[in-house]
Amino acid sequence: MRLIGKALIAQGGGPTAVINQSMAGVIDEARKHDQITKIYGALRGVEGIINEEFIDLTQETSHNLEQVAHTPSSALFSTRVKPDENYCKSIFKVLKAHDIRYFFYIGGNDSADTVHIVSEQAKLDNYEFRAIHIPKTIDNDLLVNDHTPGYSSAARFVMQAFSGINLDMRALSGVYIGIVMGRNSGFLTASAAAAQNFPDDGPHLIYLPERPFIIEHFVADVQKVYLQHGYCVVSVSEGIKDPSGSPIIVSLLRDIEKDAHGNVTMSGTGALGDLLTQAVKEKLKISRVRSDTFGYIQRCFLGCVSDVDQKEAREAGENAVQFALSNSCDGSVTIHRVGDYVVEYRMTPLAELAGKTKHMPDDFINAAGNHVTNAFKDYLRPLLGSNLPSTNRLKAPKVPKILKENTLKT
């Protein structure tokens, strides 16, 4: 059946450096097909649908659309609202009123869950339309996907940040702890490993949510590295958990904030960094110990973007439209690595990834649980894109001592 009607695009969850590439991909491809009569954008995701806050993207100029595609963050704004059944009924009232037949929602696993709910509600209401989820998340935690748009650019930022941090700490010694986003998956925290250009470069230690975090082991690891190199750089996921599986951050906060999806808010505090910094200072008596919580800065840092990420985010949007027009089923666009380095896009049933979380594979994490393996570095390398900055060191030989040597002889 040739489904004719309007298309609606929305963006959900945390913004990324390339989420607008996916939006532009949908618009560009949709404009090629006359069965899509108009292209609307919902402002603030499902909230915008409920409130009929739409803009007519059909009238957006190609030049300006391209400029927006290269701009970080969500041009349509975003939302953390998790629709329930009643919310979905209100969504359908609006969809029907505006003759929306194609729904493209760009987001992570929570957004995929929203698309799944909307899709199921459509079937119950016997409403003919296609609901397509387009992947996006810096956490890289969507099942089925080899990786997700947004992750590669955020990983590039983390890599470049740790490269600079490493140079700073090597110059003046001390211990540095960087707290990186990653609630349940350590992919982004692990990307700091790409900063290691020389054998003694940091991050020397990496701690992920996939392995239990024991503070005594952490302090011992830091001491070992510090004695060996004279400084220690550490990458830590905000979602590290104790042996019982409880997030370390939960034990530090008096007032626990949660979003509409029930997720504990982790990025609005420096409590975890302060805890780890204090432990190192007190137990190792090292005076220069510092920490930073990267927080939102890693999501949309202007000018730090992977060209591979841009290309794939755009193609994910284009493929979403092609799948919607050529298939009679709803689903999620998924990215699959089929060569070194080649990807292809497939349509995956929403139930396979909606509301679920992908974790770092065991072969990406070292046996001690405090760093990554070469397998992860090989996985990450092509995603970071071209023209990566690199660090260099002086190679001039040391000059023989005179006074110090004489003092030692006497």
# chains A, B, ... in the order shown; residues from 1 in each chain; ligands from 1
>>> residues_around(residues="range 375-390 of chain A", least_positions_apart="3", cutoff="7 Å", atoms="only C-alpha atoms", output="list in words")
Ser152, Ser153, Ala155, Arg156, Ala194, Ser306, Asp307, Val308, Asp309, Tyr341, Asp363, Phe364 and Val372 of chain A
>>> closest_atom_pairs(of="range 290-358 of chain A", to="range 134-143 of chain A", cutoff="7 Å", atoms="only C-alpha atoms", output="Markdown table")
| residue | atom | partner | partner_atom | distance |
| --- | --- | --- | --- | --- |
| A:Arg299 | CA | A:Ile138 | CA | 6.9 |
| A:Ala316 | CA | A:Ile134 | CA | 6.6 |
| A:Gly317 | CA | A:Ile134 | CA | 6.6 |
| A:Ala320 | CA | A:Ile134 | CA | 6.8 |
| A:Ser332 | CA | A:Ile134 | CA | 6.0 |
| A:Val333 | CA | A:Ile134 | CA | 5.4 |
| A:Thr334 | CA | A:Pro135 | CA | 7.0 |
| A:Leu353 | CA | A:Leu143 | CA | 5.3 |
| A:Lys356 | CA | A:Leu143 | CA | 6.9 |
| A:Thr357 | CA | A:Asp141 | CA | 5.4 |
| A:Lys358 | CA | A:Asp141 | CA | 4.4 |
>>> residues_around(residues="Pro209 in chain A", least_positions_apart="3", cutoff="6 Å", atoms="only C-alpha atoms", output="list in words")
Asn184, Ser185, Gly186, Gly239, Ile240 and Lys241 of chain A
>>> closest_residue(among="A:His336, A:Arg211, A:Arg170, A:His63", to="Gly369 in chain A", atoms="only C-alpha atoms")
A:Arg211
>>> select_by_dssp(residues="range 364-406 of chain A", states="helix (DSSP H, G or I)", output="MDAnalysis selection string")
chainID A and resid 364 374:384 403:406
>>> write_last_selection(atoms="N, CA, C and O atoms", output="PDB file, in the first residue's frame")
ATOM      1  N   PHE A 364      36.790  -6.274  25.732  1.00  0.00           N
ATOM      2  CA  PHE A 364      37.231  -4.882  25.639  1.00  0.00           C
ATOM      3  C   PHE A 364      37.844  -4.389  26.951  1.00  0.00           C
ATOM      4  O   PHE A 364      38.407  -3.302  27.000  1.00  0.00           O
ATOM      5  N   ASN A 374      43.508  -3.979  23.674  1.00  0.00           N
ATOM      6  CA  ASN A 374      43.778  -3.549  22.302  1.00  0.00           C
ATOM      7  C   ASN A 374      42.565  -3.780  21.403  1.00  0.00           C
ATOM      8  O   ASN A 374      42.374  -3.070  20.412  1.00  0.00           O
ATOM      9  N   ALA A 375      41.747  -4.757  21.752  1.00  0.00           N
ATOM     10  CA  ALA A 375      40.542  -5.027  20.968  1.00  0.00           C
ATOM     11  C   ALA A 375      39.617  -3.813  20.985  1.00  0.00           C
ATOM     12  O   ALA A 375      39.018  -3.460  19.958  1.00  0.00           O
ATOM     13  N   PHE A 376      39.495  -3.166  22.141  1.00  0.00           N
ATOM     14  CA  PHE A 376      38.668  -1.956  22.203  1.00  0.00           C
ATOM     15  C   PHE A 376      39.306  -0.827  21.403  1.00  0.00           C
ATOM     16  O   PHE A 376      38.610  -0.088  20.687  1.00  0.00           O
ATOM     17  N   LYS A 377      40.607  -0.666  21.518  1.00  0.00           N
ATOM     18  CA  LYS A 377      41.290   0.405  20.786  1.00  0.00           C
ATOM     19  C   LYS A 377      41.123   0.221  19.280  1.00  0.00           C
ATOM     20  O   LYS A 377      40.925   1.197  18.543  1.00  0.00           O
ATOM     21  N   ASP A 378      41.163  -1.027  18.820  1.00  0.00           N
ATOM     22  CA  ASP A 378      40.958  -1.308  17.393  1.00  0.00           C
ATOM     23  C   ASP A 378      39.521  -0.983  16.984  1.00  0.00           C
ATOM     24  O   ASP A 378      39.278  -0.502  15.873  1.00  0.00           O
ATOM     25  N   TYR A 379      38.580  -1.264  17.872  1.00  0.00           N
ATOM     26  CA  TYR A 379      37.163  -0.957  17.629  1.00  0.00           C
ATOM     27  C   TYR A 379      36.946   0.548  17.520  1.00  0.00           C
ATOM     28  O   TYR A 379      36.223   1.045  16.647  1.00  0.00           O
ATOM     29  N   LEU A 380      37.576   1.303  18.416  1.00  0.00           N
ATOM     30  CA  LEU A 380      37.351   2.744  18.518  1.00  0.00           C
ATOM     31  C   LEU A 380      38.043   3.538  17.414  1.00  0.00           C
ATOM     32  O   LEU A 380      37.492   4.531  16.921  1.00  0.00           O
ATOM     33  N   ARG A 381      39.222   3.107  17.015  1.00  0.00           N
ATOM     34  CA  ARG A 381      40.092   3.925  16.152  1.00  0.00           C
ATOM     35  C   ARG A 381      39.384   4.515  14.926  1.00  0.00           C
ATOM     36  O   ARG A 381      39.459   5.733  14.691  1.00  0.00           O
ATOM     37  N   PRO A 382      38.701   3.731  14.100  1.00  0.00           N
ATOM     38  CA  PRO A 382      38.103   4.317  12.894  1.00  0.00           C
ATOM     39  C   PRO A 382      36.936   5.258  13.165  1.00  0.00           C
ATOM     40  O   PRO A 382      36.584   6.073  12.312  1.00  0.00           O
ATOM     41  N   LEU A 383      36.338   5.164  14.361  1.00  0.00           N
ATOM     42  CA  LEU A 383      35.180   5.996  14.670  1.00  0.00           C
ATOM     43  C   LEU A 383      35.560   7.442  14.968  1.00  0.00           C
ATOM     44  O   LEU A 383      34.744   8.354  14.792  1.00  0.00           O
ATOM     45  N   LEU A 384      36.795   7.664  15.402  1.00  0.00           N
ATOM     46  CA  LEU A 384      37.218   8.991  15.834  1.00  0.00           C
ATOM     47  C   LEU A 384      37.360   9.978  14.687  1.00  0.00           C
ATOM     48  O   LEU A 384      37.388  11.190  14.904  1.00  0.00           O
ATOM     49  N   LEU A 403      78.560  19.454  38.322  1.00  0.00           N
ATOM     50  CA  LEU A 403      78.591  19.657  39.773  1.00  0.00           C
ATOM     51  C   LEU A 403      77.975  18.498  40.529  1.00  0.00           C
ATOM     52  O   LEU A 403      78.499  18.050  41.544  1.00  0.00           O
ATOM     53  N   LYS A 404      76.849  18.013  40.056  1.00  0.00           N
ATOM     54  CA  LYS A 404      76.183  16.908  40.725  1.00  0.00           C
ATOM     55  C   LYS A 404      77.048  15.653  40.709  1.00  0.00           C
ATOM     56  O   LYS A 404      77.148  14.917  41.681  1.00  0.00           O
ATOM     57  N   GLU A 405      77.711  15.414  39.584  1.00  0.00           N
ATOM     58  CA  GLU A 405      78.569  14.239  39.459  1.00  0.00           C
ATOM     59  C   GLU A 405      79.752  14.345  40.440  1.00  0.00           C
ATOM     60  O   GLU A 405      80.105  13.385  41.113  1.00  0.00           O
ATOM     61  N   ASN A 406      80.360  15.555  40.524  1.00  0.00           N
ATOM     62  CA  ASN A 406      81.486  15.754  41.426  1.00  0.00           C
ATOM     63  C   ASN A 406      81.069  15.577  42.885  1.00  0.00           C
ATOM     64  O   ASN A 406      81.812  15.024  43.695  1.00  0.00           O
TER      65      ASN A 406
END
>>> residues_around(residues="Ile27 in chain A", least_positions_apart="3", cutoff="9 Å", atoms="only C-alpha atoms", output="list in words")
Ile9, Ser22, Met23, Ala24, Ala30, Arg31, Lys32, Ile39, Leu57, Thr58, Leu65, Gly317, Glu318 and Val321 of chain A
>>> atom_distance(atom1="CA of Ala69 in chain A", atom2="CA of Leu350 in chain A")
26.1 Å
>>> select_by_dssp(residues="range 186-361 of chain A", states="strand (DSSP E)", output="PyMOL selection string")
chain A and resi 205-207+231-237+289-293+331-339+342-348
>>> write_last_selection(atoms="N, CA, C and O atoms", output="compact mmCIF listing (two decimals), in the first residue's frame")
# COMPACT_ATOMS: atom_id res chain seq x y z
N LEU A 205 44.83 4.52 34.16
CA LEU A 205 43.78 3.70 34.77
C LEU A 205 42.42 4.12 34.22
O LEU A 205 42.17 5.31 34.02
N ILE A 206 41.55 3.14 33.96
CA ILE A 206 40.20 3.39 33.46
C ILE A 206 39.23 2.50 34.23
O ILE A 206 39.41 1.28 34.29
N TYR A 207 38.19 3.12 34.81
CA TYR A 207 37.22 2.37 35.61
C TYR A 207 35.83 2.52 34.99
O TYR A 207 35.37 3.64 34.74
N TYR A 231 53.45 10.47 38.03
CA TYR A 231 52.13 11.08 37.87
C TYR A 231 51.15 9.99 37.46
O TYR A 231 51.55 8.91 37.02
N CYS A 232 49.85 10.29 37.60
CA CYS A 232 48.83 9.29 37.28
C CYS A 232 47.57 10.00 36.77
O CYS A 232 47.06 10.91 37.41
N VAL A 233 47.09 9.59 35.59
CA VAL A 233 45.87 10.12 35.00
C VAL A 233 44.82 9.02 34.97
O VAL A 233 45.10 7.90 34.50
N VAL A 234 43.62 9.32 35.46
CA VAL A 234 42.58 8.31 35.62
C VAL A 234 41.29 8.76 34.92
O VAL A 234 40.86 9.91 35.07
N SER A 235 40.67 7.86 34.19
CA SER A 235 39.36 8.09 33.58
C SER A 235 38.34 7.21 34.31
O SER A 235 38.51 5.99 34.38
N VAL A 236 37.31 7.84 34.85
CA VAL A 236 36.33 7.13 35.67
C VAL A 236 34.92 7.39 35.15
O VAL A 236 34.55 8.55 34.91
N SER A 237 34.14 6.36 35.01
CA SER A 237 32.74 6.53 34.61
C SER A 237 31.91 7.03 35.77
O SER A 237 32.08 6.59 36.91
N VAL A 289 46.43 16.60 43.74
CA VAL A 289 45.42 15.68 43.24
C VAL A 289 44.21 16.52 42.81
O VAL A 289 43.69 17.30 43.59
N ARG A 290 43.80 16.36 41.56
CA ARG A 290 42.70 17.17 41.03
C ARG A 290 41.69 16.28 40.31
O ARG A 290 42.03 15.20 39.81
N SER A 291 40.44 16.77 40.23
CA SER A 291 39.43 16.05 39.47
C SER A 291 38.52 17.03 38.74
O SER A 291 38.37 18.18 39.16
N ASP A 292 37.96 16.58 37.64
CA ASP A 292 36.95 17.33 36.88
C ASP A 292 35.81 16.38 36.55
O ASP A 292 36.03 15.20 36.27
N THR A 293 34.59 16.91 36.57
CA THR A 293 33.43 16.18 36.09
C THR A 293 33.06 16.78 34.74
O THR A 293 32.64 17.93 34.66
N GLY A 331 10.21 0.13 13.07
CA GLY A 331 11.47 -0.42 13.56
C GLY A 331 12.48 0.66 13.86
O GLY A 331 12.19 1.85 13.87
N SER A 332 13.70 0.20 14.11
CA SER A 332 14.82 1.09 14.41
C SER A 332 15.91 0.89 13.37
O SER A 332 16.24 -0.25 13.00
N VAL A 333 16.48 2.00 12.92
CA VAL A 333 17.64 1.92 12.03
C VAL A 333 18.84 1.50 12.88
O VAL A 333 19.11 2.12 13.91
N THR A 334 19.54 0.47 12.47
CA THR A 334 20.71 0.02 13.22
C THR A 334 21.95 -0.01 12.32
O THR A 334 21.85 -0.23 11.12
N ILE A 335 23.11 0.24 12.95
CA ILE A 335 24.38 0.34 12.22
C ILE A 335 25.21 -0.91 12.50
O ILE A 335 25.42 -1.29 13.65
N HIS A 336 25.70 -1.53 11.42
CA HIS A 336 26.45 -2.78 11.54
C HIS A 336 27.79 -2.66 10.82
O HIS A 336 27.85 -2.24 9.66
N ARG A 337 28.86 -3.04 11.51
CA ARG A 337 30.20 -3.02 10.92
C ARG A 337 30.38 -4.31 10.12
O ARG A 337 30.30 -5.41 10.66
N VAL A 338 30.64 -4.17 8.83
CA VAL A 338 30.75 -5.34 7.95
C VAL A 338 32.12 -5.42 7.29
O VAL A 338 32.37 -6.29 6.47
N GLY A 339 33.01 -4.52 7.63
CA GLY A 339 34.36 -4.54 7.07
C GLY A 339 35.26 -3.64 7.89
O GLY A 339 34.87 -3.11 8.92
N VAL A 342 33.84 -0.52 7.15
CA VAL A 342 32.64 -0.37 6.34
C VAL A 342 31.44 -0.67 7.23
O VAL A 342 31.48 -1.57 8.07
N VAL A 343 30.36 0.12 7.05
CA VAL A 343 29.13 -0.16 7.80
C VAL A 343 27.96 -0.28 6.83
O VAL A 343 28.01 0.20 5.70
N GLU A 344 26.90 -0.94 7.30
CA GLU A 344 25.65 -0.97 6.56
C GLU A 344 24.51 -0.72 7.55
O GLU A 344 24.67 -0.89 8.77
N TYR A 345 23.37 -0.32 7.02
CA TYR A 345 22.22 0.05 7.84
C TYR A 345 21.10 -0.97 7.63
O TYR A 345 20.81 -1.35 6.49
N ARG A 346 20.50 -1.38 8.74
CA ARG A 346 19.43 -2.36 8.68
C ARG A 346 18.24 -1.88 9.51
O ARG A 346 18.37 -1.01 10.36
N MET A 347 17.10 -2.47 9.25
CA MET A 347 15.90 -2.21 10.05
C MET A 347 15.75 -3.32 11.07
O MET A 347 15.75 -4.50 10.73
N THR A 348 15.67 -2.94 12.33
CA THR A 348 15.59 -3.90 13.43
C THR A 348 14.28 -3.70 14.19
O THR A 348 13.88 -2.55 14.45
>>> atom_distance(atom1="CA of Asn370 in chain A", atom2="CA of Asp221 in chain A")
8.3 Å
>>> residues_around(residues="Phe54 in chain A", least_positions_apart="5", cutoff="9 Å", atoms="only C-alpha atoms", output="JSON list (two decimals) with N, CA and C atoms, in the first residue's frame")
[["chain", "number", "residue", "atom", "x", "y", "z"],
["A", 8, "LEU", "N", 6.60, 13.55, 10.41],
["A", 8, "LEU", "CA", 6.91, 14.32, 11.61],
["A", 8, "LEU", "C", 8.25, 13.84, 12.16],
["A", 40, "TYR", "N", 7.07, 18.00, 9.00],
["A", 40, "TYR", "CA", 6.96, 18.83, 10.19],
["A", 40, "TYR", "C", 8.06, 18.44, 11.19],
["A", 41, "GLY", "N", 8.40, 19.39, 12.03],
["A", 41, "GLY", "CA", 9.29, 19.14, 13.15],
["A", 41, "GLY", "C", 8.58, 19.44, 14.45],
["A", 42, "ALA", "N", 8.60, 18.50, 15.40],
["A", 42, "ALA", "CA", 7.97, 18.72, 16.71],
["A", 42, "ALA", "C", 9.00, 19.33, 17.66],
["A", 43, "LEU", "N", 8.68, 20.47, 18.24],
["A", 43, "LEU", "CA", 9.59, 21.13, 19.17],
["A", 43, "LEU", "C", 9.47, 20.49, 20.55],
["A", 48, "GLY", "N", 6.17, 18.39, 22.34],
["A", 48, "GLY", "CA", 5.77, 19.23, 21.23],
["A", 48, "GLY", "C", 4.61, 18.65, 20.45],
["A", 49, "ILE", "N", 4.55, 17.31, 20.38],
["A", 49, "ILE", "CA", 3.42, 16.67, 19.69],
["A", 49, "ILE", "C", 2.13, 16.94, 20.46]]
